[in-house]
Amino acid sequence: MWKRTMARQVLLFVYLLSLTSVRGQVSYSIPEEMPKGSLVGNIAQDLGLDFKRLKSGKARIYTGDSAEYISLDKERGVILIKERIDREALCGQTTPCALHFQVILENPMEFYSVTIEVTDINDNTPSFEKEEIRLKISESTITGVKFTLEPAVDLDVGINGIKSYTLLPTNHFILRYKHQPGGGHNVEMVLQKPLDREKEEYMSLMLTAVDGGDPQLVGNIKIHITVLDANDNAPVFHQSVYKANIRENVAKGFVVTTVSAVDSDEGSNSIIDYSIQNIQDNVRQVFEMNGDSGQVAVIGDIDYEKTRNYEIRVKASDRGGLTDSCKIIIDVIDENDNIPSISIMSKTSVIAEDSEPETVVTMINVQDPDSGENGKVKCFLSENIPFRLKSTTNNFFSLVTDSDLDREKDSGYNISVMCSDEGSPSLSSSVTLSLQISDVNDNAPVFERSSYEASLPENNTPGLSIFTVKARDADWNQNARVSYILQDSSVNGISVSSYVSVSADTGVIHAVRSFDYEQIKDFQFRVIAQDAGSPPLSSNVSVKILIQDQNDNSPQVLYPVQTGGSVVAEMVPRSAEVGYLVTKVVAVDVDSGQNAWLSYKLQKATDRALFEVGLQNGEIRTVRQVTDKDAVKQKLTVVVEDNGQPSRSATVNINVAVADSFPEVLSEYTDFTHEKDYNDNLTFYLVLALAVVSFLFIVSIIAILSVKCYRWRRERMFYKSGANLPVIPYYPPLYADVGGTGTLQHVYNYEVCRTTDSRKSDLKYARPSSESIISLDTSGTQTLTYAQREKVNGDISHDQVRVFL
Ligand SMILES: *[C@@H]1O[C@H](CO)[C@@H](O)[C@H](O)[C@H]1NC(C)=O
Ligand SMILES: *[C@@H]1O[C@H](CO)[C@@H](O)[C@H](O)[C@H]1NC(C)=O
């Protein structure tokens, strides 16, 4: 703009020269930016013009089209600043910068050229086009790299233009600038020290441009540098070793621990991936690493008994492949998850009942894989059994007997062993041992009764079983098999084995022979019961056998004695009173009891009206007055019966002579004896008598010898058993047997004896048929019977009148 204006001024100047006369030329120099009205120059004086001319010539300034910076004061003849002049606006960078105008006068027309040079003053500060500069520089940039900066602009020229630059701070960068040949500058910033984003991510620098004016003016621009990340940092774990505890049997998914690493880099360079490095062990089967979060979770079974700790090696890597590693040490905490296991190392299933206390029955080993309290095991036995557990060494137990065993009480035991650990809650297990107690022959057979007594009727068949003894043995099997043995002893000098035998297996006692009550009434022996143990045990029992009487003996008439040839007659005087005791039949029965209870009856009589027989006592008495009509010879037959079943009897013939004198009797009896036979062949009788006498003589000799021999033997046989043989005078065998069992025996003994003494003592004693007799004192009875025995002898020998013919 101003250039075009210039061109016009020059053209105008040429034009004017051609038209008018150019009278002179003047130049001034003023600084720019002078205030309005400031004096530029005294033109009147400088052109040599007076004020009148100026007025008359209507002097004026001609600038052409250009702006009117200048005004002319005609009064004073000076040029003044009309508008402020900005050199930079007027000329830009062109130097020198001048204003050209003309002062034109009329009348005559003349003009004068005036040039005003405008000089620069430092009125512009250096300035940058932008407010700030933003740069992004990678931290990995090497030193020496240049960064071109936009230069500053200063409208002033010359010395007032830009003189230098500064860059602050200078930690990383230095500034280089140089003037370019065409004007302007080349400003560069050079990296001198490597950047580290991790230390300083943002930087702010100040670039300052300084001009050369006075005073100096400066312009600033801020340079914002963002340091771009490079993957120059490896991840770093917070801890090199992580420790964690987990309980065994923890649920899958349980997070054990979390590792974390940091990477100082940024963005993708700081993304860390975690992984487990273990290769050889089973860690990867048990633990899983979350690659993003670093959480270590359980995925397998944690068993303290298998693995007590784990060491996990963990790697952290960033995307750029930089890594770090750490260790996780995991200790497994024991849980009481194992029950004690009981194993039987050796065992006896049978033990003898005589085993000593402390005998080892079973050895037990108990294992609990848990640790600490969880693995401490105690064992117990079921109560109230004669066993106890002995702890030998750690976890080994022996089951021993605690006291004496008795198979007969308990033949076996189920021993329950319970073992429990001391964990909380405690776990336990148990095992049952069955133990048999084997038998030892420690029990002797025991008879069912302390003694046995049995009775047996006499005249038994040999081999008859009498009764059975029985013994029991508490032992078992062989030890309880009882056999019965007859203990050898002698009864009446004869071995008991010839009386009885015992069946070894059954204990049945058999009679070996037929017994005769009249010979043996009872006997005792012992039976031994012996078991089959080794050694055998035995016990014995006393057995008493009582022989029961049977009515196997007929009554024996002792008096009157029955003779073969001679006739004995009892004499009854004709003067005899009623009730005269003719004689007394004395009979005995060797049986006892009822079997020996005798009764007397008159069976036949010459005159039944004359005599009677005492039923009980056998006394023959007259029942009426004897008369002369009664025959001298009277014959009575008395039958003696015992009371046995069936009863046995004997008869006795009694001759009674009813006469006052002996000759009468004699004559009668002679007749009585011989009257029928007298006339028979006497010779025949004499020969017969001689033969009979000879025969009888020989028989007698033999008989006497036999009897002698027999008696001698019997005495030897029964020397202990007392007088059992009936002797005369006879008293009944059981008479002295005050300890006898049957009450009847006493009664009958008494009765028999009384009959001998009845004449005097008929009414002395009550008839012995009632219980009053049974209650008799035995010692009294004995005394009594002895007294009576004396009398038997006396009475018969003294009081009886006997006739022997
Ligand atoms: C032991 O146990 C067995 C089986 O349970 C049983 O038959 C037997 O009678 C028991 N023995 C004892 C002595 O309790
Ligand atoms: C019989 O038993 C008694 C004790 O009851 C004993 O003293 C005796 O020796 C036994 N006799 C025999 C032969 O065993």
# chains A, B, ... in the order shown; residues from 1 in each chain; ligands from 1
$ residues_around --residues "region 500-504 of chain A" --least-positions-apart "3" --cutoff "9 Å" --atoms "only C-alpha atoms" --output "list of chain:residue names"
A:Gly463, A:Thr468, A:Val469, A:Val482, A:Ser483, A:Tyr484, A:Ile485, A:Leu486, A:Val496, A:Ser497, A:Gly507, A:Val508, A:Ile509, A:His510, A:Ala511, A:Val512, A:Arg513, A:Val527, A:Ala529
$ residues_near_ligand --ligand "ligand 1" --cutoff "7 Å" --atoms "only C-alpha atoms and all ligand atoms" --output "PyMOL selection string"
chain A and resi 410-414+434
$ residues_around --residues "Leu602 (chain A)" --least-positions-apart "4" --cutoff "10 Å" --atoms "only C-alpha atoms" --output "MDAnalysis selection string"
chainID A and resid 608 611:615 618 620 636:640 651:652
$ write_last_selection --atoms "N, CA, C and O atoms" --output "mmCIF file, in the first residue's frame"
data_model
loop_
_atom_site.group_PDB
_atom_site.id
_atom_site.type_symbol
_atom_site.label_atom_id
_atom_site.label_comp_id
_atom_site.auth_asym_id
_atom_site.auth_seq_id
_atom_site.Cartn_x
_atom_site.Cartn_y
_atom_site.Cartn_z
ATOM 1 N N ARG A 608 -60.687 -178.984 121.579
ATOM 2 C CA ARG A 608 -60.501 -177.548 121.301
ATOM 3 C C ARG A 608 -61.034 -176.678 122.418
ATOM 4 O O ARG A 608 -60.628 -175.532 122.556
ATOM 5 N N PHE A 611 -58.087 -175.893 125.520
ATOM 6 C CA PHE A 611 -56.903 -175.033 125.441
ATOM 7 C C PHE A 611 -57.092 -173.839 124.489
ATOM 8 O O PHE A 611 -57.896 -173.909 123.572
ATOM 9 N N GLU A 612 -56.341 -172.891 124.829
ATOM 10 C CA GLU A 612 -56.256 -171.771 123.862
ATOM 11 C C GLU A 612 -54.794 -171.297 123.775
ATOM 12 O O GLU A 612 -54.030 -171.495 124.715
ATOM 13 N N VAL A 613 -54.494 -170.672 122.649
ATOM 14 C CA VAL A 613 -53.124 -170.155 122.442
ATOM 15 C C VAL A 613 -53.205 -168.631 122.370
ATOM 16 O O VAL A 613 -54.043 -168.071 121.656
ATOM 17 N N GLY A 614 -52.346 -168.024 123.154
ATOM 18 C CA GLY A 614 -52.286 -166.555 123.072
ATOM 19 C C GLY A 614 -51.815 -166.138 121.678
ATOM 20 O O GLY A 614 -50.775 -166.583 121.216
ATOM 21 N N LEU A 615 -52.643 -165.321 121.059
ATOM 22 C CA LEU A 615 -52.342 -164.945 119.665
ATOM 23 C C LEU A 615 -50.978 -164.272 119.539
ATOM 24 O O LEU A 615 -50.223 -164.518 118.618
ATOM 25 N N GLY A 618 -48.153 -166.767 122.308
ATOM 26 C CA GLY A 618 -47.938 -168.206 122.159
ATOM 27 C C GLY A 618 -48.155 -168.980 123.454
ATOM 28 O O GLY A 618 -47.780 -170.143 123.550
ATOM 29 N N ILE A 620 -50.012 -171.200 125.968
ATOM 30 C CA ILE A 620 -51.127 -172.158 125.892
ATOM 31 C C ILE A 620 -51.704 -172.263 127.298
ATOM 32 O O ILE A 620 -50.980 -172.565 128.239
ATOM 33 N N LEU A 636 -51.890 -181.053 120.708
ATOM 34 C CA LEU A 636 -52.232 -179.744 120.137
ATOM 35 C C LEU A 636 -51.271 -179.443 118.964
ATOM 36 O O LEU A 636 -50.099 -179.790 119.022
ATOM 37 N N THR A 637 -51.798 -178.846 117.963
ATOM 38 C CA THR A 637 -50.920 -178.356 116.882
ATOM 39 C C THR A 637 -51.101 -176.838 116.809
ATOM 40 O O THR A 637 -52.197 -176.342 116.586
ATOM 41 N N VAL A 638 -49.970 -176.187 117.038
ATOM 42 C CA VAL A 638 -50.015 -174.703 117.004
ATOM 43 C C VAL A 638 -49.275 -174.224 115.717
ATOM 44 O O VAL A 638 -48.217 -174.735 115.379
ATOM 45 N N VAL A 639 -49.943 -173.325 115.067
ATOM 46 C CA VAL A 639 -49.274 -172.777 113.883
ATOM 47 C C VAL A 639 -48.770 -171.347 114.203
ATOM 48 O O VAL A 639 -49.483 -170.545 114.785
ATOM 49 N N VAL A 640 -47.510 -171.174 113.880
ATOM 50 C CA VAL A 640 -46.904 -169.831 114.110
ATOM 51 C C VAL A 640 -46.787 -169.142 112.725
ATOM 52 O O VAL A 640 -46.208 -169.691 111.791
ATOM 53 N N THR A 651 -45.442 -175.009 112.098
ATOM 54 C CA THR A 651 -46.360 -175.670 113.052
ATOM 55 C C THR A 651 -45.534 -176.419 114.083
ATOM 56 O O THR A 651 -44.396 -176.810 113.812
ATOM 57 N N VAL A 652 -46.168 -176.493 115.210
ATOM 58 C CA VAL A 652 -45.493 -177.247 116.284
ATOM 59 C C VAL A 652 -46.558 -178.154 116.955
ATOM 60 O O VAL A 652 -47.705 -177.750 117.124
#
$ select_by_dssp --residues "region 95-326 of chain A" --states "strand (DSSP E or B)" --output "count of residues only"
115
$ closest_residue --among "A:Leu688, A:Ile328, A:Val541, A:Leu610" --to "ligand 2" --atoms "only C-alpha atoms and all ligand atoms"
A:Val541
$ decode --residues "region 419-434 of chain A" --atoms "all heavy atoms" --output "PDB file, in the first residue's frame"
ATOM      1  N   CYS A 419      -9.683 -96.304  69.637  1.00  0.00           N
ATOM      2  CA  CYS A 419      -8.580 -95.344  69.618  1.00  0.00           C
ATOM      3  C   CYS A 419      -9.114 -94.026  69.103  1.00  0.00           C
ATOM      4  O   CYS A 419      -9.839 -93.982  68.113  1.00  0.00           O
ATOM      5  CB  CYS A 419      -7.456 -95.826  68.703  1.00  0.00           C
ATOM      6  SG  CYS A 419      -6.690 -97.327  69.315  1.00  0.00           S
ATOM      7  N   SER A 420      -8.772 -92.951  69.792  1.00  0.00           N
ATOM      8  CA  SER A 420      -9.211 -91.647  69.323  1.00  0.00           C
ATOM      9  C   SER A 420      -8.055 -90.666  69.415  1.00  0.00           C
ATOM     10  O   SER A 420      -7.210 -90.767  70.301  1.00  0.00           O
ATOM     11  CB  SER A 420     -10.403 -91.156  70.140  1.00  0.00           C
ATOM     12  OG  SER A 420     -10.105 -91.199  71.492  1.00  0.00           O
ATOM     13  N   ASP A 421      -8.030 -89.750  68.475  1.00  0.00           N
ATOM     14  CA  ASP A 421      -6.966 -88.754  68.508  1.00  0.00           C
ATOM     15  C   ASP A 421      -7.413 -87.578  69.343  1.00  0.00           C
ATOM     16  O   ASP A 421      -8.540 -87.515  69.821  1.00  0.00           O
ATOM     17  CB  ASP A 421      -6.545 -88.356  67.086  1.00  0.00           C
ATOM     18  CG  ASP A 421      -7.669 -87.724  66.300  1.00  0.00           C
ATOM     19  OD1 ASP A 421      -8.542 -87.092  66.912  1.00  0.00           O
ATOM     20  OD2 ASP A 421      -7.665 -87.842  65.069  1.00  0.00           O
ATOM     21  N   GLU A 422      -6.490 -86.639  69.526  1.00  0.00           N
ATOM     22  CA  GLU A 422      -6.796 -85.520  70.406  1.00  0.00           C
ATOM     23  C   GLU A 422      -7.157 -84.267  69.638  1.00  0.00           C
ATOM     24  O   GLU A 422      -7.115 -83.167  70.152  1.00  0.00           O
ATOM     25  CB  GLU A 422      -5.595 -85.257  71.331  1.00  0.00           C
ATOM     26  CG  GLU A 422      -5.421 -86.389  72.316  1.00  0.00           C
ATOM     27  CD  GLU A 422      -4.236 -86.193  73.235  1.00  0.00           C
ATOM     28  OE1 GLU A 422      -3.685 -85.107  73.270  1.00  0.00           O
ATOM     29  OE2 GLU A 422      -3.886 -87.163  73.917  1.00  0.00           O
ATOM     30  N   GLY A 423      -7.505 -84.471  68.373  1.00  0.00           N
ATOM     31  CA  GLY A 423      -7.943 -83.325  67.588  1.00  0.00           C
ATOM     32  C   GLY A 423      -9.288 -82.825  68.084  1.00  0.00           C
ATOM     33  O   GLY A 423      -9.914 -83.405  68.963  1.00  0.00           O
ATOM     34  N   SER A 424      -9.691 -81.700  67.521  1.00  0.00           N
ATOM     35  CA  SER A 424     -10.971 -81.161  67.926  1.00  0.00           C
ATOM     36  C   SER A 424     -11.744 -80.811  66.672  1.00  0.00           C
ATOM     37  O   SER A 424     -11.360 -79.912  65.948  1.00  0.00           O
ATOM     38  CB  SER A 424     -10.758 -79.923  68.789  1.00  0.00           C
ATOM     39  OG  SER A 424     -11.980 -79.304  69.038  1.00  0.00           O
ATOM     40  N   PRO A 425     -12.808 -81.523  66.346  1.00  0.00           N
ATOM     41  CA  PRO A 425     -13.310 -82.651  67.111  1.00  0.00           C
ATOM     42  C   PRO A 425     -12.437 -83.883  66.915  1.00  0.00           C
ATOM     43  O   PRO A 425     -11.794 -84.014  65.893  1.00  0.00           O
ATOM     44  CB  PRO A 425     -14.703 -82.881  66.497  1.00  0.00           C
ATOM     45  CG  PRO A 425     -14.577 -82.381  65.100  1.00  0.00           C
ATOM     46  CD  PRO A 425     -13.594 -81.242  65.146  1.00  0.00           C
ATOM     47  N   SER A 426     -12.479 -84.715  67.927  1.00  0.00           N
ATOM     48  CA  SER A 426     -11.632 -85.890  67.901  1.00  0.00           C
ATOM     49  C   SER A 426     -12.213 -86.943  66.971  1.00  0.00           C
ATOM     50  O   SER A 426     -13.418 -87.097  66.861  1.00  0.00           O
ATOM     51  CB  SER A 426     -11.545 -86.409  69.332  1.00  0.00           C
ATOM     52  OG  SER A 426     -11.158 -87.738  69.324  1.00  0.00           O
ATOM     53  N   LEU A 427     -11.332 -87.652  66.309  1.00  0.00           N
ATOM     54  CA  LEU A 427     -11.777 -88.742  65.440  1.00  0.00           C
ATOM     55  C   LEU A 427     -11.354 -90.050  66.090  1.00  0.00           C
ATOM     56  O   LEU A 427     -10.308 -90.125  66.722  1.00  0.00           O
ATOM     57  CB  LEU A 427     -11.142 -88.628  64.066  1.00  0.00           C
ATOM     58  CG  LEU A 427     -11.524 -87.390  63.269  1.00  0.00           C
ATOM     59  CD1 LEU A 427     -10.738 -87.334  61.978  1.00  0.00           C
ATOM     60  CD2 LEU A 427     -13.001 -87.413  62.949  1.00  0.00           C
ATOM     61  N   SER A 428     -12.180 -91.045  65.901  1.00  0.00           N
ATOM     62  CA  SER A 428     -11.830 -92.312  66.543  1.00  0.00           C
ATOM     63  C   SER A 428     -12.218 -93.474  65.656  1.00  0.00           C
ATOM     64  O   SER A 428     -13.020 -93.342  64.747  1.00  0.00           O
ATOM     65  CB  SER A 428     -12.529 -92.429  67.899  1.00  0.00           C
ATOM     66  OG  SER A 428     -13.907 -92.461  67.694  1.00  0.00           O
ATOM     67  N   SER A 429     -11.617 -94.592  65.957  1.00  0.00           N
ATOM     68  CA  SER A 429     -11.993 -95.821  65.277  1.00  0.00           C
ATOM     69  C   SER A 429     -11.824 -96.951  66.275  1.00  0.00           C
ATOM     70  O   SER A 429     -11.171 -96.787  67.302  1.00  0.00           O
ATOM     71  CB  SER A 429     -11.129 -96.056  64.047  1.00  0.00           C
ATOM     72  OG  SER A 429      -9.790 -96.142  64.426  1.00  0.00           O
ATOM     73  N   SER A 430     -12.447 -98.045  65.983  1.00  0.00           N
ATOM     74  CA  SER A 430     -12.361 -99.144  66.939  1.00  0.00           C
ATOM     75  C   SER A 430     -12.281-100.465  66.206  1.00  0.00           C
ATOM     76  O   SER A 430     -12.606-100.562  65.025  1.00  0.00           O
ATOM     77  CB  SER A 430     -13.567 -99.125  67.880  1.00  0.00           C
ATOM     78  OG  SER A 430     -14.703 -99.446  67.159  1.00  0.00           O
ATOM     79  N   VAL A 431     -11.842-101.446  66.947  1.00  0.00           N
ATOM     80  CA  VAL A 431     -11.721-102.780  66.376  1.00  0.00           C
ATOM     81  C   VAL A 431     -12.124-103.752  67.477  1.00  0.00           C
ATOM     82  O   VAL A 431     -11.939-103.473  68.664  1.00  0.00           O
ATOM     83  CB  VAL A 431     -10.279-103.015  65.875  1.00  0.00           C
ATOM     84  CG1 VAL A 431      -9.318-103.136  67.011  1.00  0.00           C
ATOM     85  CG2 VAL A 431     -10.204-104.224  64.989  1.00  0.00           C
ATOM     86  N   THR A 432     -12.763-104.826  67.092  1.00  0.00           N
ATOM     87  CA  THR A 432     -13.194-105.805  68.083  1.00  0.00           C
ATOM     88  C   THR A 432     -12.413-107.087  67.872  1.00  0.00           C
ATOM     89  O   THR A 432     -12.365-107.618  66.767  1.00  0.00           O
ATOM     90  CB  THR A 432     -14.699-106.067  67.962  1.00  0.00           C
ATOM     91  OG1 THR A 432     -15.369-104.851  68.183  1.00  0.00           O
ATOM     92  CG2 THR A 432     -15.135-107.080  69.001  1.00  0.00           C
ATOM     93  N   LEU A 433     -11.777-107.510  68.943  1.00  0.00           N
ATOM     94  CA  LEU A 433     -11.005-108.733  68.892  1.00  0.00           C
ATOM     95  C   LEU A 433     -11.790-109.796  69.621  1.00  0.00           C
ATOM     96  O   LEU A 433     -12.259-109.567  70.726  1.00  0.00           O
ATOM     97  CB  LEU A 433      -9.672-108.533  69.610  1.00  0.00           C
ATOM     98  CG  LEU A 433      -8.867-107.323  69.199  1.00  0.00           C
ATOM     99  CD1 LEU A 433      -7.845-106.997  70.252  1.00  0.00           C
ATOM    100  CD2 LEU A 433      -8.199-107.612  67.894  1.00  0.00           C
ATOM    101  N   SER A 434     -11.953-110.925  68.981  1.00  0.00           N
ATOM    102  CA  SER A 434     -12.655-111.968  69.720  1.00  0.00           C
ATOM    103  C   SER A 434     -11.636-112.995  70.176  1.00  0.00           C
ATOM    104  O   SER A 434     -10.792-113.431  69.408  1.00  0.00           O
ATOM    105  CB  SER A 434     -13.767-112.566  68.873  1.00  0.00           C
ATOM    106  OG  SER A 434     -13.271-113.584  68.085  1.00  0.00           O
TER     107      SER A 434
END
